[in-house]
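Chemist: The structure that follows is given in the form of structure tokens.
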Amino acid sequence: MLDVHLDSWLREFGPRRKEKLEADSVEHLLDALEQQYPRLRFKIRDETGSLRRYVRVFVDGEDVSGTTGVMTSLSGARTVDILHSIAGG
Amino acid sequence: MPGDRKVRILVGTRKGTYVVEGDPKRVKWRVGPVAHAGSEIYHVVADPRHPGELYAAVNNGFWGPMVQRSRNWGKTWKEIATPLTPGGKDRKPAFNEENPSVPVQRPLANLWHIEPGPNDAPDTLYLGADPHLLFRTSDRGASWEPVESINEHPSRKDWSPGAGGPCLHTILLDPRDSQRIYVGMSAVGTFRTDDGGRTWTPKNKGVMAPFLPNKYPETGQCVHHVAIDSRDPDTFYRQDHGGMYVSHNRMDSWTRIGKPLGDDFGFGVASPPSDPGRAYFVRLDGMARVTGEGHFQVHEWNDSRRAWRTLVSPKAFPGHFGVQREGIATDNLDPAGIYVGTTTGQLFMSPDAGRNWRQLPFQLPGIHSVSVASPEAG
């Protein structure tokens, strides 16, 4: 089971606490989250399926947003953090 | 609450939605509900068919575009359905095979304008968005359908973005005929449908595109905004990148009226329901994109006399002010109230068709849009 943590701004649309979920990739993890919390749809990903520009996804502490993105495998992973990135001054 | 006598200025800013409430005489004003903290609000509008209902085009830098609705004049808001780019419903990632990090399909970017539909279709609204998209809802925003006839118009291959992106920002309805609709896009121009959106025809004849090799193309003009005349819905006032124009024939042709002003660049234009035959423009320096004279000014076009008049004393509000395409609006009272929001957050207002002006004594964030919910409009 993965420990999934969303930052406080995203909790307006999703889980308020850490969520425990099973998924084999970031894409499928987001699918499961959106299934459970429909208001998360299109907040983390746009309708093309790619991560929004100012969203960061960390798998076991490593930022995968600009590399493998939603295609990142979660095999063997323990934690996923979904955060908004620093934007602005 | 619904049906009360307040005049409400609905202000979309770079940092949220502000509802400024005034009395029917438009003397006392207070900043009322504030919402959507941190989001760019490109447009807020009241639906006059359902008193108390407001719609906001919310563009959040982190979480993307959202449509939100209030049913109590802005005190509380709720996210409703957001339109998707055509083909986006299935939500299947479409990535470039050679570079998997690049999506093939361009996602919906900013929402620009929400237009309540005709009175005989009280649950219909239209929405204009980036990239060059028009949507329609028939269930008050529970779902949206792309208007493919304009979104996939044969001329689309020639459409280009303006500086604000590829946006569909202007939607106008003929109050006599719900089948006739007009849209404006940057840098594409205006289009008209006479059959409820089945077919669309470019309507830019006579409008100059100074930035193209062909100065008078069928499409490619950078229309900034258009206002419809309330007495004669065949008449339109247009602020274009290429100047200020009027049309008296449902946009079949346009005549430039701004030349006597010199530089007739600008973004916003409004025409008051209580004073038809007039239009208000905020002329800007074409290079600096602010009021070039060194003070705030509004120019009134009198269409029957074909004459211009300045409405604001040059000494009243010194400075350089930017005003965006939705930055000027009128109410439907008599005499007309005129409201102008600036990119630096000043809200100027006249309660008497431009004779007297004041500034709201409250500094707002940079203003994208101003619209008005007057008592008669609900």
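If you're wondering about the labels, chains in the structure tokens are A, B, ... by order shown, residues count from 1 in each chain, ligands from 1 in order shown.
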May I have all residues of range 14-173 of chain B that DSSP, computed from the backbone, assigns to helix (DSSP H, G or I), given as a VMD selection string?
Modeler: chain B and resid 148 to 151 154 to 158
Chemist: Those selected residues, please, written with C-alpha atoms and delivered as an mmCIF file, in the first residue's frame.
Modeler:
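Full text of result-v6.cif as output:
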```cif
data_model
loop_
_atom_site.group_PDB
_atom_site.id
_atom_site.type_symbol
_atom_site.label_atom_id
_atom_site.label_comp_id
_atom_site.auth_asym_id
_atom_site.auth_seq_id
_atom_site.Cartn_x
_atom_site.Cartn_y
_atom_site.Cartn_z
ATOM 1 C CA GLU B 148 -17.958 22.444 -33.213
ATOM 2 C CA SER B 149 -19.267 24.523 -36.116
ATOM 3 C CA ILE B 150 -17.144 27.477 -35.006
ATOM 4 C CA ASN B 151 -14.427 25.529 -33.172
ATOM 5 C CA PRO B 154 -12.588 25.800 -42.125
ATOM 6 C CA SER B 155 -10.620 28.998 -41.535
ATOM 7 C CA ARG B 156 -9.214 27.695 -38.232
ATOM 8 C CA LYS B 157 -5.995 26.623 -39.937
ATOM 9 C CA ASP B 158 -5.258 30.336 -40.439
#
```
Chemist: Could you list, as a list in words, every residue within 6 Å of Val80 in chain A, counting only C-alpha atoms and ignoring same-chain residues fewer than 6 positions away?
Modeler: Val4, Phe58 and Val59 of chain A
Chemist: Deliver the residues from the most recent selection as a file, using N, CA and C atoms, as a short mmCIF file (atom, residue, chain, number, x, y, z; two decimals), in the first residue's frame.
Modeler:
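In the end it all went to part.cif:
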```cif
data_model
loop_
_atom_site.label_atom_id
_atom_site.label_comp_id
_atom_site.auth_asym_id
_atom_site.auth_seq_id
_atom_site.Cartn_x
_atom_site.Cartn_y
_atom_site.Cartn_z
N VAL A 4 -0.26 8.15 0.38
CA VAL A 4 -0.41 9.26 -0.57
C VAL A 4 -0.76 10.52 0.22
N PHE A 58 6.15 13.63 -6.14
CA PHE A 58 7.36 13.02 -5.59
C PHE A 58 7.06 11.56 -5.25
N VAL A 59 7.90 10.66 -5.75
CA VAL A 59 7.78 9.24 -5.43
C VAL A 59 8.96 8.87 -4.54
#
```
Chemist: Using only C-alpha atoms, which of the listed residues (B:Phe317, B:Gly242, B:Leu54, B:Ile338) sits closest to Phe281 in chain B?
Modeler: B:Ile338
Chemist: In Å, rounded to a single decimal, give me how far CA of Ala35 in chain B is from CA of Ile82 in chain A.
Modeler: 24.9 Å
Chemist: Grab the CA of Pro24 in chain B to CA of Thr330 in chain B distance for me, in Å with one decimal place.
Modeler: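 CA of Thr330 in chain B lies at a distance of 13.9 Å from CA of Pro24 in chain B.
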Chemist: List as an NGL selection string the protein and nucleic acid residues near Val57 in chain A, meaning an atom at most 10 Å away when only C-alpha atoms are counted, but skip any in the same chain fewer than 4 places from it.
Modeler: :A and (6 or 26 or 44 or 51 or 61-66 or 69-70 or 72 or 80-85)
Chemist: Give me, as a count of residues only, the contact residues of chain A against chain B at a cut-off of 7 Å, counting only C-alpha atoms.
Modeler: 10
Chemist: What is the distance between CA of His248 in chain B and CA of Cys222 in chain B, in Å to one decimal?
Modeler: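 Atom-to-atom, CA of His248 in chain B and CA of Cys222 in chain B are spaced 20.0 Å apart.
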Chemist: Can you list, as a PyMOL selection string, every residue of chain A that DSSP puts in strand (DSSP E or B)?
Modeler: chain A and resi 2-6+19-21+25+45+51+55-59+62-63+73+79-84
Chemist: Need to verify the contact set: range 159-173 of chain B, 7 Å, only C-alpha atoms, exclusion of same-chain residues closer than 5 positions in sequence. Can you return it as JSON, numbers by chain?
Modeler: {"B": [112, 113, 115, 128, 129, 130, 131, 132, 133, 134, 178, 180, 181, 182, 183, 184, 185, 186, 187, 188, 220, 222, 225, 226]}
Chemist: Let's have the selection written as a PDB file, in the first residue's frame, with N, CA and C atoms.
Modeler:
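Contents of the output file selection.pdb:
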```pdb
ATOM      1  N   TRP B 112     -12.463  32.788 -20.737  1.00  0.00           N
ATOM      2  CA  TRP B 112     -12.439  34.237 -20.980  1.00  0.00           C
ATOM      3  C   TRP B 112     -13.774  34.949 -20.777  1.00  0.00           C
ATOM      4  N   HIS B 113     -14.856  34.313 -21.148  1.00  0.00           N
ATOM      5  CA  HIS B 113     -16.119  35.065 -21.116  1.00  0.00           C
ATOM      6  C   HIS B 113     -17.284  34.087 -20.959  1.00  0.00           C
ATOM      7  N   GLU B 115     -21.497  34.095 -21.180  1.00  0.00           N
ATOM      8  CA  GLU B 115     -22.611  34.912 -21.654  1.00  0.00           C
ATOM      9  C   GLU B 115     -23.933  34.185 -21.390  1.00  0.00           C
ATOM     10  N   GLY B 128     -16.659  31.327 -23.696  1.00  0.00           N
ATOM     11  CA  GLY B 128     -15.540  31.440 -24.629  1.00  0.00           C
ATOM     12  C   GLY B 128     -14.236  31.155 -23.910  1.00  0.00           C
ATOM     13  N   ALA B 129     -13.326  30.442 -24.586  1.00  0.00           N
ATOM     14  CA  ALA B 129     -12.116  29.973 -23.904  1.00  0.00           C
ATOM     15  C   ALA B 129     -10.934  29.945 -24.853  1.00  0.00           C
ATOM     16  N   ASP B 130      -9.814  29.725 -24.254  1.00  0.00           N
ATOM     17  CA  ASP B 130      -8.541  29.498 -24.929  1.00  0.00           C
ATOM     18  C   ASP B 130      -8.322  27.986 -24.931  1.00  0.00           C
ATOM     19  N   PRO B 131      -8.028  27.324 -26.071  1.00  0.00           N
ATOM     20  CA  PRO B 131      -7.621  27.879 -27.349  1.00  0.00           C
ATOM     21  C   PRO B 131      -8.747  27.988 -28.384  1.00  0.00           C
ATOM     22  N   HIS B 132      -9.245  29.223 -28.589  1.00  0.00           N
ATOM     23  CA  HIS B 132     -10.234  29.510 -29.625  1.00  0.00           C
ATOM     24  C   HIS B 132     -11.400  28.537 -29.576  1.00  0.00           C
ATOM     25  N   LEU B 133     -12.101  28.517 -28.445  1.00  0.00           N
ATOM     26  CA  LEU B 133     -13.191  27.550 -28.286  1.00  0.00           C
ATOM     27  C   LEU B 133     -14.443  28.232 -27.764  1.00  0.00           C
ATOM     28  N   LEU B 134     -15.582  27.794 -28.315  1.00  0.00           N
ATOM     29  CA  LEU B 134     -16.890  28.223 -27.826  1.00  0.00           C
ATOM     30  C   LEU B 134     -17.618  26.989 -27.292  1.00  0.00           C
ATOM     31  N   SER B 178     -32.872  34.602 -31.287  1.00  0.00           N
ATOM     32  CA  SER B 178     -31.907  33.777 -30.549  1.00  0.00           C
ATOM     33  C   SER B 178     -31.055  32.915 -31.475  1.00  0.00           C
ATOM     34  N   ARG B 180     -29.359  34.192 -33.902  1.00  0.00           N
ATOM     35  CA  ARG B 180     -28.247  35.030 -34.376  1.00  0.00           C
ATOM     36  C   ARG B 180     -27.287  35.317 -33.223  1.00  0.00           C
ATOM     37  N   ILE B 181     -26.058  34.874 -33.388  1.00  0.00           N
ATOM     38  CA  ILE B 181     -25.035  35.015 -32.362  1.00  0.00           C
ATOM     39  C   ILE B 181     -23.758  35.518 -33.027  1.00  0.00           C
ATOM     40  N   TYR B 182     -23.009  36.303 -32.290  1.00  0.00           N
ATOM     41  CA  TYR B 182     -21.732  36.833 -32.778  1.00  0.00           C
ATOM     42  C   TYR B 182     -20.632  36.418 -31.806  1.00  0.00           C
ATOM     43  N   VAL B 183     -19.448  36.109 -32.328  1.00  0.00           N
ATOM     44  CA  VAL B 183     -18.298  35.863 -31.450  1.00  0.00           C
ATOM     45  C   VAL B 183     -17.104  36.657 -31.971  1.00  0.00           C
ATOM     46  N   GLY B 184     -16.186  36.939 -31.044  1.00  0.00           N
ATOM     47  CA  GLY B 184     -14.941  37.617 -31.395  1.00  0.00           C
ATOM     48  C   GLY B 184     -13.764  36.860 -30.816  1.00  0.00           C
ATOM     49  N   MET B 185     -12.709  36.728 -31.631  1.00  0.00           N
ATOM     50  CA  MET B 185     -11.513  35.991 -31.203  1.00  0.00           C
ATOM     51  C   MET B 185     -10.262  36.766 -31.594  1.00  0.00           C
ATOM     52  N   SER B 186      -9.215  36.578 -30.795  1.00  0.00           N
ATOM     53  CA  SER B 186      -7.914  37.177 -31.110  1.00  0.00           C
ATOM     54  C   SER B 186      -6.955  36.079 -31.542  1.00  0.00           C
ATOM     55  N   ALA B 187      -6.181  36.314 -32.580  1.00  0.00           N
ATOM     56  CA  ALA B 187      -6.250  37.384 -33.543  1.00  0.00           C
ATOM     57  C   ALA B 187      -6.892  36.819 -34.807  1.00  0.00           C
ATOM     58  N   VAL B 188      -8.207  36.709 -34.726  1.00  0.00           N
ATOM     59  CA  VAL B 188      -8.990  36.037 -35.771  1.00  0.00           C
ATOM     60  C   VAL B 188     -10.034  36.976 -36.355  1.00  0.00           C
ATOM     61  N   GLY B 220      -8.214  37.215 -39.408  1.00  0.00           N
ATOM     62  CA  GLY B 220      -6.849  37.547 -38.990  1.00  0.00           C
ATOM     63  C   GLY B 220      -6.775  38.870 -38.253  1.00  0.00           C
ATOM     64  N   CYS B 222      -7.273  41.402 -35.193  1.00  0.00           N
ATOM     65  CA  CYS B 222      -7.204  41.199 -33.746  1.00  0.00           C
ATOM     66  C   CYS B 222      -8.281  42.045 -33.079  1.00  0.00           C
ATOM     67  N   HIS B 225     -12.614  43.876 -28.466  1.00  0.00           N
ATOM     68  CA  HIS B 225     -13.925  43.717 -27.836  1.00  0.00           C
ATOM     69  C   HIS B 225     -14.966  44.388 -28.720  1.00  0.00           C
ATOM     70  N   VAL B 226     -16.219  43.967 -28.560  1.00  0.00           N
ATOM     71  CA  VAL B 226     -17.322  44.547 -29.326  1.00  0.00           C
ATOM     72  C   VAL B 226     -18.504  44.732 -28.386  1.00  0.00           C
TER      73      VAL B 226
END
```
Chemist: Compile the contact shell of range 10-24 of chain A as a list in words: residues with an atom at most 8 Å away, counting only C-alpha atoms, same-chain residues fewer than 2 positions apart removed.
Modeler: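 So, after excluding close chain neighbours, the residues are Met1, Leu2, Asp3, Val4, His5, Leu6, Asp7, Ser8, Val26, His28, Leu29, Ala32, Leu33, Tyr37, Arg39, Leu40, Ser73, Leu74, Ser75 and Leu83 of chain A.
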Chemist: Using only C-alpha atoms, determine which residues lie at most 12 Å from Ala270 in chain B, disregarding the query and same-chain residues fewer than 4 positions distant; provide the list as a PyMOL selection string.
Modeler: chain B and resi 225-230+236-239+275-282+298-301+325-332+336-340+353+370-372
Chemist: Write out as a list in words which residues come within 7 Å of Tyr126 in chain B when counting only C-alpha atoms, dropping same-chain ones fewer than 6 positions away.
Modeler: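 Answer for this query is Ile114, Glu115, Pro116, Gly117, Phe135, Arg136 and Thr137 of chain B.
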Chemist: For the residues in the current selection, export N, CA and C atoms as a compact mmCIF listing (two decimals), in the first residue's frame.
Modeler:
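result38.txt, written as the output of this step:
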```txt
# COMPACT_ATOMS: atom_id res chain seq x y z
N ILE B 114 -18.24 34.46 -20.11
CA ILE B 114 -19.46 33.67 -19.92
C ILE B 114 -20.64 34.57 -20.29
N GLU B 115 -21.50 34.10 -21.18
CA GLU B 115 -22.61 34.91 -21.65
C GLU B 115 -23.93 34.18 -21.39
N PRO B 116 -24.79 34.73 -20.52
CA PRO B 116 -26.11 34.12 -20.36
C PRO B 116 -26.86 34.09 -21.70
N GLY B 117 -27.60 33.01 -21.92
CA GLY B 117 -28.29 32.84 -23.20
C GLY B 117 -29.56 33.65 -23.29
N PHE B 135 -18.23 27.13 -26.11
CA PHE B 135 -19.00 26.05 -25.51
C PHE B 135 -20.41 26.55 -25.22
N ARG B 136 -21.34 25.59 -25.13
CA ARG B 136 -22.72 25.92 -24.77
C ARG B 136 -23.19 24.92 -23.72
N THR B 137 -23.92 25.43 -22.75
CA THR B 137 -24.59 24.54 -21.80
C THR B 137 -26.08 24.76 -21.91
```
